[in-house]
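Engineer: There's a structure below that I have some questions on.
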Amino acid sequence: MKHRIVVLGAGYAGAFAAGNLARRLSPADAEITVVNAAPVFVERMRLHQLATGQDVASRELSDVFAGTGVRLRVARVTGLDPERRSVCVTGEDGDAELAYDTLLYALGSSVDHHGVPGAAEHAFDVTGRDSALRLRERLAGLDAGGSVLVVGEGLTGIESVTEFAESRPDLSVALAARGELGAWLSPGARRHLRRAFDRLGVTVHEHTRVEAVEPTRVITADGTSLPADVTVWSAGFAVHPLAAASGLEVTETGRIVVDRTMRSVSHPDVYAAGDSAHAIGDNGRPLPMSCASAGVTNMQATAAIVARLTGREVPTTGLKYYGNHISLGRRDAIFQMVDGDVRSKSWYLGGRTAARLKAGVLKGAGWGIAHPTFGVPKRRRRLTAVLAPSDVGSAA
C-alpha cells in the first residue's frame with residue numbers, strides 16, 4: 001500500500017508543498033492528495049488589485065497539478081480526526097472521508113471581525129477571492145464622490161487603501177488606524193508612506209478604534225461617525241477553527257503548535273505550514289502570518305516529511321523573517337528590512353524600484369505555483385519502506 005499524504009489547502013503554503021512533495025518522492029511509494037475548497041489557486045497577495053477591477057488571472061488547480069501525480073479534491077474540509085487519521089470533506093459529489101498516513105495542514109486564515117457589531121454584515125474584505133469579487137462589484141457600482149473606509153493599518157490595510165485611491169481617484173478614500181500610521185516602520189519609510197498617502201489623497205484617522213459598522217458609516221470608540229459607503233475590514237486574521245476542534249494542540253488563537261520541523265507537538269503524523277502553524281522563528285519569536293512565513297514553513301515541513309519517509313536526517317531550513325514589502329499602488333512601494341528582534345532597520349527601499357521588486361516577487365510566486373514540477377529529479381526518492389503511521393511518528 002502506498003503512503004497516503006493529504007494536504008489540506010492549496011494556498012501559497014499548500015500548493016508549494018504539494019508540488020515539492022511530488023517533485024521529491026517516488027510515485028511508486030507515495031500518494032499525494034490536495035483538498036481545496038475552490039478549483040483555482042488564489043493569489044492572495046493580489047486580491048486588493050482584483051477588487052479594483054484589475055485583471056488578475058486565476059489558475060485552475062487541475063491544470064497546476066496536471067502530470068504531477070498529485071490528486072486534487074475540490075471540497076470543503078468539515079472534520080478532522082487525528083486519532084483515526086481521517087479527514088471529512090464535502091463537495092459536489094457529496095460527503096466523503098479521506099484516510100491519511102501523513103497530513104499537512106495548510107488551511108490558512110480568513111478575516112477576523114473581533115466581534116465588532118455590524119462588521120460581518122456590512123464590511124467587505126480581501127482575504128478570499130469570493131469576498132474580493134463582491135467588493136469589486138460594490139466598488140464598480142459606486143458613483144464619483146462615494147466614500148471608502150479601510151479599517152486596519154497593517155500591511156493589508158495599507159496596500160488596499162492605496163490601491164483603491166490610485167484606481168479610483170474620484171472617490172473619497174480613508175483609513176482608520178488604531179495607532180500611528182506606519183509606527184513600526186523606520187523613520188525614512190514612515191515619511192515615504194505619509195508622502196504616498198498625501199499624493200493619493202488618502203485621509204488617515206489615527207488612534208481611532210472602530211466600535212460598530214453600519215451600512216453607510218462606522219462608529220468609533222469616542223462616538224465619532226465616519227462616513228463609509230463601503231467599509232473594508234482589514235483589522236485582523238483568524239485561522240480555521242478545525243484544528244482546535246480536532247484535539248490538536250493549538251494556541252489560544254487556534255494555530256497549531258509545531259516543533260522546529262513543523263510537526264505537531266501532539267500528533268507527530270500531522271504537520272502544519274503557513275498561517276495555520278504557530279512556528280518559532282530563528283529569532284525565538286513566533287513567525288507572523290504572512291506569505292513569507294508560508295514560504296519558509298512549507299519548505300521546512302516538506303523537507304522534514306521527505307527526510308523521515310526516506311530514512312534521511314531531517315534538515316533544518318531557515319526560519320527567518322527579513323522584512324515587509326508593501327505595495328502603494330502600482331508605481332510605488334516600500335521594502336523595509338528588519339533585524340533579529342523584528343525591529344525595522346534604518347535602511348529601506350522605496351519608490352518605483354521597490355514597486356518593480358514587489359511585482360517580480362508576485363510574478364515569481366505565481367510562476368512557481370504554475371510549474372510545480374520544475375526541476376523534477378530523474379530519480380525521485382523511494383520510501384525506505386511502506387511505513388506504518390507509528391513508524392512515521394517515531395522516525396528520526
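A note on labels: chains of the C-alpha cells are A, B, ... as shown, every chain counts residues from 1, and ligands are counted from 1 in their shown order.
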Leaving out stretch 14-26 of chain A and any residue of its chain fewer than 6 positions from it, which residues lie within 9 Å of it when counting only C-alpha atoms, given as a PyMOL selection string?

Structural biologist: chain A and resi 6-8+32-34+41+61+64-65+68-70+104-108+273-274+294-295+298-299+301-303+305-306+309-310+368-369+371-377+379-383

Engineer: Restricting it to C-alpha atoms, dump the selection as an mmCIF file, in the first residue's frame.

Structural biologist:
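Written out: selection_2.cif:
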data_model
loop_
_atom_site.group_PDB
_atom_site.id
_atom_site.type_symbol
_atom_site.label_atom_id
_atom_site.label_comp_id
_atom_site.auth_asym_id
_atom_site.auth_seq_id
_atom_site.Cartn_x
_atom_site.Cartn_y
_atom_site.Cartn_z
ATOM 1 C CA VAL A 6 -3.060 14.544 2.356
ATOM 2 C CA VAL A 7 -2.507 18.287 2.041
ATOM 3 C CA LEU A 8 -5.327 20.492 3.330
ATOM 4 C CA ILE A 32 -0.446 12.795 -2.600
ATOM 5 C CA THR A 33 -3.944 14.299 -2.372
ATOM 6 C CA VAL A 34 -4.667 18.028 -2.134
ATOM 7 C CA PHE A 41 -5.291 28.935 -6.989
ATOM 8 C CA LEU A 61 -5.606 23.788 -9.843
ATOM 9 C CA VAL A 64 -1.423 23.282 -11.997
ATOM 10 C CA PHE A 65 -1.206 19.670 -10.856
ATOM 11 C CA THR A 68 2.430 15.688 -11.383
ATOM 12 C CA GLY A 69 0.643 12.682 -9.936
ATOM 13 C CA VAL A 70 -0.993 14.920 -7.307
ATOM 14 C CA LEU A 104 -0.043 18.627 6.035
ATOM 15 C CA TYR A 105 -2.453 21.204 7.421
ATOM 16 C CA ALA A 106 -2.304 24.457 5.425
ATOM 17 C CA LEU A 107 -5.822 25.894 5.581
ATOM 18 C CA GLY A 108 -4.542 29.429 6.120
ATOM 19 C CA ALA A 273 2.517 25.318 7.397
ATOM 20 C CA GLY A 274 1.510 28.882 6.653
ATOM 21 C CA ALA A 294 4.154 30.451 4.374
ATOM 22 C CA GLY A 295 7.219 30.023 2.195
ATOM 23 C CA ASN A 298 6.214 24.880 3.880
ATOM 24 C CA MET A 299 9.856 24.384 2.874
ATOM 25 C CA ALA A 301 7.621 20.886 6.533
ATOM 26 C CA THR A 302 8.208 19.248 3.153
ATOM 27 C CA ALA A 303 11.918 18.764 3.887
ATOM 28 C CA ILE A 305 8.340 14.835 5.588
ATOM 29 C CA VAL A 306 10.630 13.729 2.765
ATOM 30 C CA LEU A 309 9.836 8.957 4.826
ATOM 31 C CA THR A 310 13.105 8.212 3.038
ATOM 32 C CA GLY A 368 6.352 28.719 -9.047
ATOM 33 C CA ILE A 369 2.765 27.658 -8.401
ATOM 34 C CA HIS A 371 5.192 24.970 -12.546
ATOM 35 C CA PRO A 372 5.142 22.646 -9.515
ATOM 36 C CA THR A 373 7.357 20.008 -11.123
ATOM 37 C CA PHE A 374 10.058 22.350 -12.363
ATOM 38 C CA GLY A 375 13.412 20.732 -11.616
ATOM 39 C CA VAL A 376 11.964 17.254 -11.075
ATOM 40 C CA PRO A 377 14.911 14.905 -10.459
ATOM 41 C CA ARG A 379 15.131 9.713 -9.828
ATOM 42 C CA ARG A 380 12.704 10.645 -7.120
ATOM 43 C CA ARG A 381 13.433 9.292 -3.683
ATOM 44 C CA ARG A 382 11.957 5.944 -2.739
ATOM 45 C CA LEU A 383 10.474 5.460 0.684
#

Engineer: Env of A:Thr208: 8 Å cut, atoms = only C-alpha atoms, seq-sep filter 3 positions within chain, self excluded. Answer as a PyMOL selection string.

Structural biologist: chain A and resi 176-179+205+220-221

Engineer: In terms of the shortest atom-to-atom distance over only C-alpha atoms, which of A:Phe237, A:Phe164, A:Trp347, A:Tyr321 is closest to A:Leu50?

Structural biologist: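 Ranked by minimum distance to A:Leu50, first place goes to A:Phe164.
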
Engineer: Counting only C-alpha atoms, figure out which residue out of A:Ile326, A:Ile256, A:Leu98, A:Val361 gets nearest to A:Pro241.

Structural biologist: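 The closest residue to A:Pro241 is A:Ile256.
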
Engineer: Of the candidates A:Asp112, A:Glu313, A:Asp275, A:Asp229, which shows the shortest atom-to-atom distance to A:Arg255, using only C-alpha atoms?

Structural biologist: A:Asp275

Engineer: For A:Ala120, which of A:Leu328, A:Leu185, A:Val232, A:Ala37 is the closest residue, counting only C-alpha atoms?

Structural biologist: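 Nearest to A:Ala120: A:Val232.
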
Engineer: Taking into account only C-alpha atoms, which residue in the set A:Thr216, A:Ser186, A:Thr52, A:Thr253 is nearest to A:Arg136?

Structural biologist: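 Selected residue with least distance to A:Arg136: A:Thr52.
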
Engineer: Point out the residue among A:Ala355, A:Met289, A:Ala365, A:Ala123 with the least atom-to-atom distance to A:Glu159, counting only C-alpha atoms.

Structural biologist: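 Of A:Ala355, A:Met289, A:Ala365, A:Ala123, the one nearest A:Glu159, counting only C-alpha atoms, is A:Ala355.
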
Engineer: Identify all residues of stretch 39-160 of chain A in strand (DSSP E) (DSSP on the backbone) and supply them as a ChimeraX atom specification.

Structural biologist: /A:40-41,59-60,71-81,86-91,94-99,102-105,109-111,147-151

Engineer: Which value, in Å to one decimal, gives the distance between atom CA of A:Val314 and atom CA of A:Leu72?

Structural biologist: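 Result for atom CA of A:Val314 versus atom CA of A:Leu72: 27.5 Å, one decimal.
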
Engineer: Name all residues at most 8 Å from A:Val230 (count only C-alpha atoms; drop same-chain ones fewer than 4 positions away) and give them as number ranges by chain.

Structural biologist: A: 123-124, 138-139, 147-149, 215-216

Engineer: How many Å separate atom CA of A:Val151 from atom CA of A:Ser110?

Structural biologist: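 Result for atom CA of A:Val151 versus atom CA of A:Ser110: 15.4 Å, one decimal.
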
Engineer: Quick one: residues within 9 Å of A:Gly201, only C-alpha atoms counted, chain neighbours fewer than 5 positions away excluded, as number ranges by chain?

Structural biologist: A: 165-166, 169, 172-174, 196

Engineer: Restrict the selected residues to N, CA and C atoms and save them as a tab-separated table (two decimals), in the first residue's frame.

Structural biologist:
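And here is the file that came out, result03.tsv:
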chain	number	residue	atom	x	y	z
A	165	ALA	N	-7.31	54.12	-3.77
A	165	ALA	CA	-7.15	55.55	-4.06
A	165	ALA	C	-6.54	55.77	-5.43
A	166	GLU	N	-5.58	54.94	-5.81
A	166	GLU	CA	-4.94	55.11	-7.12
A	166	GLU	C	-5.89	54.72	-8.25
A	169	PRO	N	-9.53	57.65	-8.22
A	169	PRO	CA	-9.27	58.98	-7.65
A	169	PRO	C	-10.53	59.82	-7.50
A	172	SER	N	-13.69	59.29	-2.28
A	172	SER	CA	-13.10	59.76	-1.04
A	172	SER	C	-12.64	58.53	-0.26
A	173	VAL	N	-11.32	58.36	-0.16
A	173	VAL	CA	-10.76	57.14	0.43
A	173	VAL	C	-10.05	57.48	1.74
A	174	ALA	N	-10.33	56.70	2.78
A	174	ALA	CA	-9.76	56.96	4.10
A	174	ALA	C	-9.36	55.66	4.77
A	196	ALA	N	3.17	59.18	0.27
A	196	ALA	CA	2.34	58.42	-0.67
A	196	ALA	C	0.86	58.63	-0.37

Engineer: Just want the 12 Å neighbourhood of A:Val270, counted on only C-alpha atoms, with same-chain residues fewer than 3 positions away dropped. Output as a PyMOL selection string.

Structural biologist: chain A and resi 5-8+80-83+85-87+100-106+243+246-249+256-259+261-267+273+277+301-302+304-305+389-390+392-393

Engineer: Could you pull the residues within 8 Å of A:Leu47, counting only C-alpha atoms, minus those fewer than 4 positions along the same chain, as a PyMOL selection string?

Structural biologist: chain A and resi 43+51+126-129+132

Engineer: Just give me the gap between atom CA of A:Ala99 and atom CA of A:Val250 in Å, one decimal is fine.

Structural biologist: 22.0 Å
